[in-house]
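What follows is structure-v3.tsv (TSV, C-alpha atoms).
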```tsv
chain	number	residue	atom	x	y	z
X	1	GLU	CA	-12.07	-14.49	1.91
X	2	HIS	CA	-8.50	-13.52	2.77
X	3	LEU	CA	-7.38	-9.91	3.04
X	4	ALA	CA	-3.61	-9.70	2.46
X	5	VAL	CA	-2.92	-6.19	3.75
X	6	CYS	CA	0.45	-4.53	3.22
X	7	ARG	CA	0.94	-1.30	5.11
X	8	LEU	CA	2.70	1.55	3.30
X	9	ARG	CA	4.48	3.71	5.82
X	10	VAL	CA	6.03	6.86	4.37
X	11	GLN	CA	7.97	8.84	6.94
X	12	GLY	CA	9.12	12.23	5.72
X	13	SER	CA	10.41	11.70	2.18
X	14	MET	CA	8.07	10.78	-0.67
X	15	HIS	CA	11.13	10.18	-2.87
X	16	PHE	CA	9.88	7.41	-5.11
X	17	PRO	CA	12.85	4.98	-4.78
X	18	HIS	CA	12.10	4.83	-1.04
X	19	VAL	CA	8.37	4.41	-1.65
X	20	MET	CA	9.21	1.64	-4.12
X	21	GLN	CA	11.18	-0.15	-1.41
X	22	HIS	CA	7.83	-0.63	0.32
X	23	LEU	CA	5.87	-1.40	-2.86
X	24	TYR	CA	8.31	-4.04	-4.13
X	25	ALA	CA	8.18	-5.66	-0.67
X	26	CYS	CA	4.37	-5.49	-0.73
X	27	PHE	CA	4.30	-7.13	-4.17
X	28	SER	CA	6.49	-9.95	-2.86
X	29	PHE	CA	4.22	-10.38	0.18
X	30	TRP	CA	1.08	-10.48	-1.96
X	31	MET	CA	2.61	-13.06	-4.29
X	32	GLU	CA	3.70	-15.25	-1.37
X	33	THR	CA	0.23	-14.97	0.14
X	34	ILE	CA	-1.43	-15.94	-3.13
X	35	VAL	CA	0.90	-18.89	-3.65
X	36	THR	CA	0.85	-20.28	-0.10
X	37	ASN	CA	-2.70	-19.56	1.04
X	38	SER	CA	-5.00	-21.41	-1.33
X	39	ARG	CA	-7.74	-21.96	1.24
X	40	TYR	CA	-9.26	-18.52	0.76
X	41	ARG	CA	-10.02	-16.16	-2.09
X	42	ARG	CA	-7.14	-13.69	-1.76
X	43	ILE	CA	-7.70	-9.94	-1.83
X	44	PRO	CA	-4.38	-8.02	-1.86
X	45	VAL	CA	-4.71	-4.63	-0.16
X	46	LEU	CA	-2.33	-1.67	0.00
X	47	LEU	CA	-2.99	0.17	3.25
X	48	LEU	CA	-2.26	3.87	2.82
X	49	PRO	CA	-1.26	6.28	5.58
X	50	SER	CA	-4.06	8.48	6.83
X	51	SER	CA	-2.54	11.64	5.31
X	52	PRO	CA	-5.05	13.52	3.12
X	53	GLY	CA	-4.52	13.09	-0.61
X	54	MET	CA	-1.92	10.32	-0.20
X	55	LEU	CA	-3.06	8.35	-3.26
X	56	ALA	CA	-2.97	11.48	-5.43
X	57	LYS	CA	0.56	12.20	-4.17
X	58	LEU	CA	1.68	8.69	-5.08
X	59	LYS	CA	0.13	8.81	-8.53
X	60	SER	CA	1.65	12.21	-9.29
X	61	ASN	CA	4.89	10.31	-9.92
X	62	GLU	CA	4.96	8.54	-13.30
X	63	PHE	CA	6.75	5.46	-12.02
X	64	LEU	CA	4.61	4.99	-8.92
X	65	LYS	CA	1.44	5.56	-10.93
X	66	GLY	CA	2.47	3.00	-13.55
X	67	PHE	CA	3.51	0.41	-10.99
X	68	LEU	CA	0.26	0.75	-9.05
X	69	GLU	CA	-1.74	0.45	-12.27
X	70	ILE	CA	0.00	-2.86	-13.02
X	71	MET	CA	-0.79	-4.06	-9.50
X	72	GLU	CA	-4.43	-3.05	-9.92
X	73	SER	CA	-4.90	-4.51	-13.41
X	74	GLN	CA	-2.90	-7.73	-13.00
X	75	LEU	CA	-2.99	-8.57	-9.30
X	76	GLY	CA	-6.30	-6.93	-8.45
X	77	ILE	CA	-5.01	-4.98	-5.47
X	78	LYS	CA	-7.26	-2.65	-3.52
X	79	ILE	CA	-5.82	0.65	-2.33
X	80	TRP	CA	-7.58	1.46	0.94
X	81	ASP	CA	-7.08	3.46	4.10
X	82	ARG	CA	-7.65	2.07	7.60
X	83	GLN	CA	-11.26	3.21	7.72
X	84	ARG	CA	-12.10	1.38	4.49
X	85	ILE	CA	-10.45	-1.80	5.74
X	86	GLU	CA	-12.44	-1.68	8.97
X	87	LYS	CA	-15.61	-1.25	6.94
X	88	GLU	CA	-14.79	-4.18	4.68
X	89	MET	CA	-13.95	-6.42	7.61
X	90	VAL	CA	-17.27	-5.65	9.25
X	91	GLN	CA	-19.04	-6.55	6.01
X	92	LEU	CA	-17.03	-9.77	5.77
X	93	GLY	CA	-17.98	-10.69	9.32
X	94	SER	CA	-14.63	-10.29	11.00
X	95	LYS	CA	-12.87	-7.69	13.12
X	96	SER	CA	-9.41	-6.33	12.50
X	97	SER	CA	-6.76	-4.90	14.72
X	98	SER	CA	-3.39	-3.32	14.20
X	99	ASP	CA	-0.37	-2.16	16.14
X	100	ASN	CA	2.47	0.24	15.47
X	101	SER	CA	5.30	-2.29	15.35
X	102	THR	CA	7.29	-3.05	12.23
X	103	ASN	CA	7.77	-6.35	10.44
X	104	HIS	CA	4.72	-7.82	12.08
X	105	THR	CA	1.90	-10.02	10.92
X	106	SER	CA	-1.54	-10.11	12.54
X	107	TYR	CA	-3.98	-12.94	11.90
X	108	LEU	CA	-7.69	-12.77	12.58
X	109	LYS	CA	-9.91	-15.57	11.35
X	110	ASP	CA	-13.46	-16.80	11.54
X	111	LYS	CA	-15.19	-19.49	9.51
X	112	ASN	CA	-15.34	-17.26	6.42
X	113	THR	CA	-12.52	-14.73	6.64
X	114	SER	CA	-8.81	-14.43	7.34
X	115	TYR	CA	-6.88	-11.21	7.67
X	116	THR	CA	-3.13	-10.74	7.37
X	117	GLU	CA	-1.33	-7.43	7.77
X	118	GLN	CA	2.33	-6.92	7.01
X	119	GLU	CA	4.73	-4.01	7.27
X	120	PHE	CA	8.37	-4.22	6.23
X	121	ASP	CA	11.61	-2.94	7.66
X	122	ILE	CA	13.39	-1.67	4.53
X	123	SER	CA	16.47	-0.26	6.26
X	124	GLY	CA	18.62	-3.03	4.80
X	125	GLY	CA	17.82	-2.22	1.16
X	126	TYR	CA	15.24	-3.63	-1.22
X	127	ILE	CA	13.06	-6.68	-0.64
X	128	LEU	CA	11.83	-8.31	-3.84
X	129	SER	CA	10.88	-11.75	-5.09
X	130	HIS	CA	8.75	-13.17	-7.94
X	131	VAL	CA	10.53	-10.97	-10.49
X	132	GLU	CA	9.52	-13.22	-13.38
X	133	ASP	CA	5.86	-12.77	-12.39
X	134	LEU	CA	6.35	-9.01	-12.19
X	135	ASN	CA	7.69	-8.93	-15.75
X	136	GLN	CA	4.85	-11.11	-17.01
X	137	PHE	CA	2.36	-8.74	-15.38
X	138	ALA	CA	4.03	-5.78	-17.11
X	139	ARG	CA	3.88	-7.47	-20.50
X	140	ARG	CA	0.22	-8.32	-20.08
X	141	HIS	CA	-0.57	-4.82	-18.83
X	142	PHE	CA	1.05	-3.30	-21.90
X	143	HIS	CA	-0.51	-5.96	-24.16
X	144	GLN	CA	2.83	-7.52	-25.07
X	145	THR	CA	3.13	-11.27	-25.54
X	146	ILE	CA	5.92	-13.25	-23.97
X	147	GLU	CA	6.87	-14.62	-27.38
X	148	ALA	CA	7.19	-11.15	-28.93
X	149	ASN	CA	9.18	-9.86	-25.97
X	150	TYR	CA	11.71	-12.66	-26.21
X	151	SER	CA	11.80	-13.12	-29.99
X	152	GLN	CA	14.87	-10.92	-30.46
X	153	TYR	CA	16.89	-13.22	-28.19
X	154	ASN	CA	15.96	-16.34	-30.16
X	155	THR	CA	17.34	-15.29	-33.55
X	156	THR	CA	20.69	-16.30	-35.00
X	157	GLU	CA	21.71	-12.65	-35.46
X	158	ILE	CA	21.18	-11.61	-31.84
X	159	ARG	CA	22.02	-14.75	-29.88
X	160	GLY	CA	25.13	-14.27	-27.79
X	161	ILE	CA	25.33	-10.53	-28.44
X	162	PRO	CA	24.41	-8.37	-25.43
X	163	ARG	CA	22.98	-4.89	-25.77
X	164	ILE	CA	24.85	-2.19	-23.84
X	165	GLY	CA	23.04	0.91	-22.57
X	166	ILE	CA	23.98	4.09	-20.69
X	167	LEU	CA	21.17	5.61	-18.66
X	168	ASN	CA	22.19	9.13	-17.67
X	169	ARG	CA	20.81	11.97	-15.55
X	170	ARG	CA	20.42	15.59	-16.61
X	171	GLN	CA	23.13	17.87	-15.24
X	172	SER	CA	20.47	20.03	-13.63
X	173	VAL	CA	19.55	17.20	-11.23
X	174	GLY	CA	23.15	16.28	-10.35
X	175	ARG	CA	25.18	13.06	-10.63
X	176	SER	CA	25.20	13.28	-14.39
X	177	ILE	CA	27.86	11.55	-16.49
X	178	SER	CA	29.34	14.64	-18.09
X	179	ASN	CA	31.21	12.69	-20.79
X	180	ALA	CA	28.42	10.22	-21.56
X	181	GLU	CA	28.50	10.87	-25.31
X	182	GLN	CA	32.23	10.21	-25.34
X	183	LEU	CA	31.65	6.94	-23.48
X	184	ILE	CA	29.10	5.87	-26.09
X	185	MET	CA	31.64	6.58	-28.86
X	186	SER	CA	34.44	4.78	-27.02
X	187	LEU	CA	32.28	1.73	-26.37
X	188	SER	CA	31.03	1.66	-29.96
X	189	THR	CA	34.61	1.79	-31.27
X	190	ALA	CA	36.01	-0.77	-28.84
X	191	LEU	CA	33.11	-3.19	-29.42
X	192	SER	CA	32.92	-2.79	-33.21
X	193	ASN	CA	34.04	-6.41	-33.60
X	194	GLY	CA	30.40	-7.47	-33.14
X	195	SER	CA	30.74	-8.77	-29.59
X	196	SER	CA	27.86	-6.51	-28.53
X	197	SER	CA	25.70	-3.60	-29.64
X	198	VAL	CA	25.59	-0.16	-28.01
X	199	SER	CA	22.26	1.62	-27.65
X	200	PRO	CA	21.82	5.40	-27.90
X	201	LEU	CA	22.25	7.43	-24.73
X	202	GLN	CA	19.07	7.55	-22.64
X	203	TYR	CA	17.53	9.91	-20.08
X	204	PHE	CA	14.35	9.23	-18.09
X	205	GLU	CA	13.36	12.80	-17.17
X	206	GLN	CA	10.71	12.94	-19.93
X	207	LYS	CA	9.91	9.20	-20.13
X	208	ASN	CA	6.65	7.69	-18.95
X	209	PHE	CA	6.49	4.43	-17.02
X	210	GLN	CA	5.96	2.20	-20.05
X	211	GLU	CA	8.90	3.77	-21.89
X	212	GLN	CA	11.12	3.15	-18.87
X	213	VAL	CA	10.00	-0.48	-18.61
X	214	GLU	CA	10.60	-1.01	-22.33
X	215	PHE	CA	14.10	0.46	-22.09
X	216	PHE	CA	15.06	-1.84	-19.21
X	217	GLY	CA	13.58	-4.79	-21.09
X	218	ASP	CA	15.81	-4.06	-24.08
X	219	ILE	CA	19.16	-3.75	-22.25
X	220	ASP	CA	21.49	-6.53	-21.14
X	221	ILE	CA	24.33	-4.51	-19.60
X	222	LEU	CA	23.37	-1.18	-18.04
X	223	ILE	CA	25.76	1.63	-17.04
X	224	SER	CA	24.29	4.39	-14.90
X	225	PRO	CA	25.14	6.76	-12.04
X	226	HIS	CA	23.57	6.15	-8.66
X	227	GLY	CA	20.09	7.63	-8.73
X	228	ALA	CA	16.33	7.20	-8.81
X	229	GLN	CA	16.39	6.22	-12.49
X	230	LEU	CA	17.61	2.77	-11.39
X	231	THR	CA	14.42	1.98	-9.45
X	232	GLY	CA	13.00	0.08	-12.43
X	233	ILE	CA	15.89	-2.35	-12.93
X	234	PRO	CA	13.73	-5.38	-11.99
X	235	PHE	CA	12.26	-4.98	-15.48
X	236	MET	CA	15.65	-6.05	-16.83
X	237	GLY	CA	14.69	-9.39	-15.30
X	238	ASN	CA	12.62	-10.27	-18.39
X	239	LYS	CA	15.71	-12.11	-19.69
X	240	PRO	CA	18.71	-13.95	-18.25
X	241	CYS	CA	22.29	-12.84	-17.59
X	242	THR	CA	21.73	-9.06	-17.25
X	243	GLN	CA	24.32	-6.83	-15.58
X	244	LEU	CA	24.28	-3.44	-13.83
X	245	LEU	CA	27.35	-1.20	-13.51
X	246	GLU	CA	26.60	1.63	-11.06
X	247	LEU	CA	28.80	4.74	-10.81
X	248	PHE	CA	29.40	6.74	-7.60
X	249	PRO	CA	30.90	10.24	-7.24
X	250	VAL	CA	33.84	11.01	-4.95
X	251	GLY	CA	32.76	11.08	-1.32
X	252	TYR	CA	29.57	9.08	-1.79
X	253	GLU	CA	29.26	5.31	-2.05
X	254	LEU	CA	26.10	3.30	-1.32
X	255	PRO	CA	26.35	-0.01	-3.20
X	256	ASN	CA	23.91	-1.95	-1.04
X	257	PHE	CA	20.90	0.18	-2.02
X	258	PHE	CA	20.38	-0.51	-5.73
X	259	GLY	CA	22.82	-3.39	-5.38
X	260	SER	CA	20.26	-5.19	-3.21
X	261	LEU	CA	17.56	-4.50	-5.81
X	262	ALA	CA	19.78	-5.85	-8.60
X	263	ARG	CA	20.68	-9.02	-6.72
X	264	ASN	CA	17.07	-9.71	-5.75
X	265	SER	CA	16.12	-9.22	-9.41
X	266	GLY	CA	18.65	-11.78	-10.61
X	267	ILE	CA	20.89	-9.07	-12.09
X	268	GLY	CA	24.66	-9.20	-11.80
X	269	TYR	CA	25.89	-6.13	-9.92
X	270	SER	CA	29.16	-4.21	-9.91
X	271	TYR	CA	30.09	-0.60	-9.27
X	272	LEU	CA	32.85	1.94	-9.78
X	273	TYR	CA	33.83	4.63	-7.31
X	274	MET	CA	35.22	7.71	-9.07
X	275	SER	CA	38.45	8.00	-7.10
X	276	ASN	CA	41.74	6.18	-6.74
X	277	ASN	CA	41.41	6.42	-2.95
X	278	PRO	CA	39.40	4.04	-0.77
X	279	ALA	CA	35.81	5.23	-0.43
X	280	GLU	CA	35.89	4.93	3.37
X	281	ASP	CA	38.68	7.54	3.49
X	282	GLU	CA	36.63	10.08	1.52
X	283	GLN	CA	33.08	9.32	2.62
X	284	ALA	CA	31.17	12.50	3.47
X	285	LYS	CA	30.44	12.71	7.18
X	286	SER	CA	27.88	15.47	7.72
X	287	LEU	CA	24.52	15.80	5.99
X	288	GLN	CA	25.70	18.93	4.14
X	289	GLU	CA	28.80	17.13	2.92
X	290	ARG	CA	26.71	14.18	1.76
X	291	ILE	CA	24.37	16.46	-0.16
X	292	ARG	CA	27.31	18.15	-1.90
X	293	ALA	CA	29.02	14.83	-2.64
X	294	ARG	CA	25.85	13.29	-4.05
X	295	ALA	CA	25.26	16.25	-6.36
X	296	GLN	CA	28.64	16.00	-8.10
X	297	ASN	CA	28.71	15.13	-11.77
X	298	LEU	CA	30.88	12.23	-12.88
X	299	CYS	CA	33.52	12.02	-15.58
X	300	PRO	CA	34.80	8.42	-15.69
X	301	ARG	CA	37.81	7.63	-17.84
X	302	PRO	CA	36.59	6.04	-21.10
X	303	GLU	CA	39.26	3.33	-20.94
X	304	LEU	CA	38.07	2.35	-17.44
X	305	ILE	CA	34.48	2.00	-18.62
X	306	VAL	CA	35.51	0.09	-21.75
X	307	ASP	CA	37.70	-2.35	-19.78
X	308	THR	CA	34.98	-2.93	-17.17
X	309	VAL	CA	32.27	-3.42	-19.78
X	310	GLN	CA	34.43	-5.88	-21.71
X	311	ASP	CA	34.73	-7.96	-18.53
X	312	LEU	CA	30.95	-7.78	-18.07
X	313	ILE	CA	30.45	-8.92	-21.68
X	314	LEU	CA	32.59	-11.99	-20.99
X	315	ASP	CA	30.49	-12.72	-17.89
X	316	TRP	CA	27.31	-12.23	-19.93
X	317	GLN	CA	28.48	-14.53	-22.72
X	318	GLN	CA	29.47	-17.26	-20.28
X	319	CYS	CA	26.11	-16.99	-18.53
X	320	TRP	CA	24.22	-16.86	-21.84
X	321	ASN	CA	25.95	-19.94	-23.25
X	322	THR	CA	25.26	-21.83	-20.03
X	323	ASP	CA	21.62	-20.74	-20.03
X	324	VAL	CA	21.04	-21.63	-23.70
X	325	ASN	CA	22.65	-25.06	-23.32
X	326	SER	CA	20.89	-25.94	-20.05
```

Can the structure from this file be put into C-alpha cells for me?
Amino acid sequence: EHLAVCRLRVQGSMHFPHVMQHLYACFSFWMETIVTNSRYRRIPVLLLPSSPGMLAKLKSNEFLKGFLEIMESQLGIKIWDRQRIEKEMVQLGSKSSSDNSTNHTSYLKDKNTSYTEQEFDISGGYILSHVEDLNQFARRHFHQTIEANYSQYNTTEIRGIPRIGILNRRQSVGRSISNAEQLIMSLSTALSNGSSSVSPLQYFEQKNFQEQVEFFGDIDILISPHGAQLTGIPFMGNKPCTQLLELFPVGYELPNFFGSLARNSGIGYSYLYMSNNPAEDEQAKSLQERIRARAQNLCPRPELIVDTVQDLILDWQQCWNTDVNS
C-alpha cells in the first residue's frame, strides 16, 4: 500500500481560484506518484484542515465540487482529515508523522506500506501537469468519448478554423466587459471571411461545473477579464493550439496568476492592460486602492480587440497546421 497524501492548507480566503491552486498541484502530485511509484498500490489522499465542516464548505462551490467529484470517480482519491489518516495508517501497520513546514515530503515505510505527504508553496502561481490526463478524466466522468470530443476538429469544414469566445463577468461582481456585445459584433464582422467562428457571449454565474468544462472544451481562443471564471482553463487543453487573452483594468495587472495556469496547461497566453500608460506607473499601492482598481469594469476599444485576435488567429493557424502535419 502507498498513501500519497496531499495537504490542503487554506489560510483565510476560501476563494476558489486559490483553493484550486492547491488542488491542481495535488492532482499533479498524485499523478506523478502513480506514474513513478509502481511498487505499491497507490491510494491518493486529500488531507483537509481540521476546521469543522471543511468538506461541506469546499463542495458548496460548484467548481470545487465538480473537480473533487472527478478526482473521486476517476482517480479514486480519499478525502480525509488527520485523524482518519492516523487511523488508516494504524490499520495498515505503519505510523505517520507530520510537520508544519511547506513544500516537504515525509516518507515512512515498512514491509507493506509507504506513506508520502506533500504540501505546496503556491505563492508563485499555479502548479499543474498531466493536463491531458485531466481532460481524459473529465470526459470519462461526463461519459464523453475521446472520439466524440475531437470529432469536430477532424472534419473538412472545421479544420483550420478556430472558435473565438468571450467569457464575461456580470457587472454586479466587477471587472465586467461593459461593451462585450459590441466586441462580439465587431469580431463577427471582421472575421466574416471564414477565418474563424465567434461563439455567443458567455457568463459563468449560473453555470454548473460540467457546463463550464464543456464551454472551455469548445473554445480555441478565449477573451476574458481577469477573474475566477478563468480557473477552469486547463479544460481548454483537450485540443492543441489554444490561446487565452486576459484583460486587466487600469491600476491592476497580475499576468503571472492565470498566465502560469495557461502556460502549464499548454495554452498560449497574452494580455492587455486597459491604459496607454505603463502598468507599473499606475499600479494600486494600498489594499483599498487595489480593491477599487480590481472592481473597475472594462471597455476595451473594439479595434484593439479585433487586431489582437487576428494576430492570435494567425498564431493558432500556424500551430494547427504544424500539429496536423506532424

Hey, could you make a per-residue contact list for segment 211-280 of chain X against segment 285-302 of chain X with 7 Å as the cut-off, showing the nearest pair of atoms and its distance in Å to one decimal, counting all atoms listed in the file, sorted by chain and number, as CSV?
```
residue,atom,partner,partner_atom,distance
X:Pro249,CA,X:Leu298,CA,6.0
X:Val250,CA,X:Ala293,CA,6.6
X:Gly251,CA,X:Ala293,CA,5.5
X:Tyr252,CA,X:Ala293,CA,5.8
X:Met274,CA,X:Pro300,CA,6.7
```

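Taking only C-alpha atoms into account, Glu88 of chain X lies nearest to X:His2 out of the set X:His2, X:Glu280, X:Lys57, X:Gly165.
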
**Study point:** Distance query segment 54-56 of chain X at most 12 Å, only C-alpha atoms, self and fewer than 3 positions along chain excluded, as a PyMOL selection string
**Key:** chain X and resi 8-10+14+19+46-51+59-62+64-65+68+78-81

Near segment 307-323 of chain X, 8 Å: segment 222-286 of chain X residue rows, closest pairs, only C-alpha atoms, as a tab-separated table:
```
residue	atom	partner	partner_atom	distance
X:Pro240	CA	X:Trp320	CA	7.2
X:Cys241	CA	X:Trp316	CA	5.6
X:Thr242	CA	X:Trp316	CA	7.0
X:Gln243	CA	X:Leu312	CA	7.1
```

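Using all atoms listed in the file for every distance, the candidate list X:Arg170, X:Arg263, X:His226, X:Arg163 yields X:Arg170 as the residue closest to Gln206 of chain X.
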
Review point. Rounded to one decimal in Å, what is the spacing between atom CA of Met236 of chain X and atom CA of Ser265 of chain X?
Key: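 Atom-to-atom, atom CA of Met236 of chain X and atom CA of Ser265 of chain X are spaced 8.1 Å apart.
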
Review point. So which residues touch segment 24-27 of chain X within 6 Å, counting only C-alpha atoms, skipping near sequence neighbours fewer than 4 positions away, as a PyMOL selection string?
Key: chain X and resi 6+20+127-128

Exercise for review: Could you tell me which of X:Gly124, X:Ser275, X:Ile34, X:Pro44 comes closest to Pro255 of chain X if we count all atoms listed in the file?
Suggested key: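 For Pro255 of chain X, the nearest of the candidates is X:Gly124.
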
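Of the residues under consideration (X:Val306, X:Pro52, X:Asn168, X:Tyr126), X:Val306 shows the shortest atom-to-atom contact distance to Leu191 of chain X when counting only C-alpha atoms.
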
**Study point:** Within 10 Å of Pro17 of chain X using all atoms listed in the file, minus same-chain residues under 2 positions, as a PyMOL selection string
**Key:** chain X and resi 13-15+19-23+63-64+126+227-232+257-258
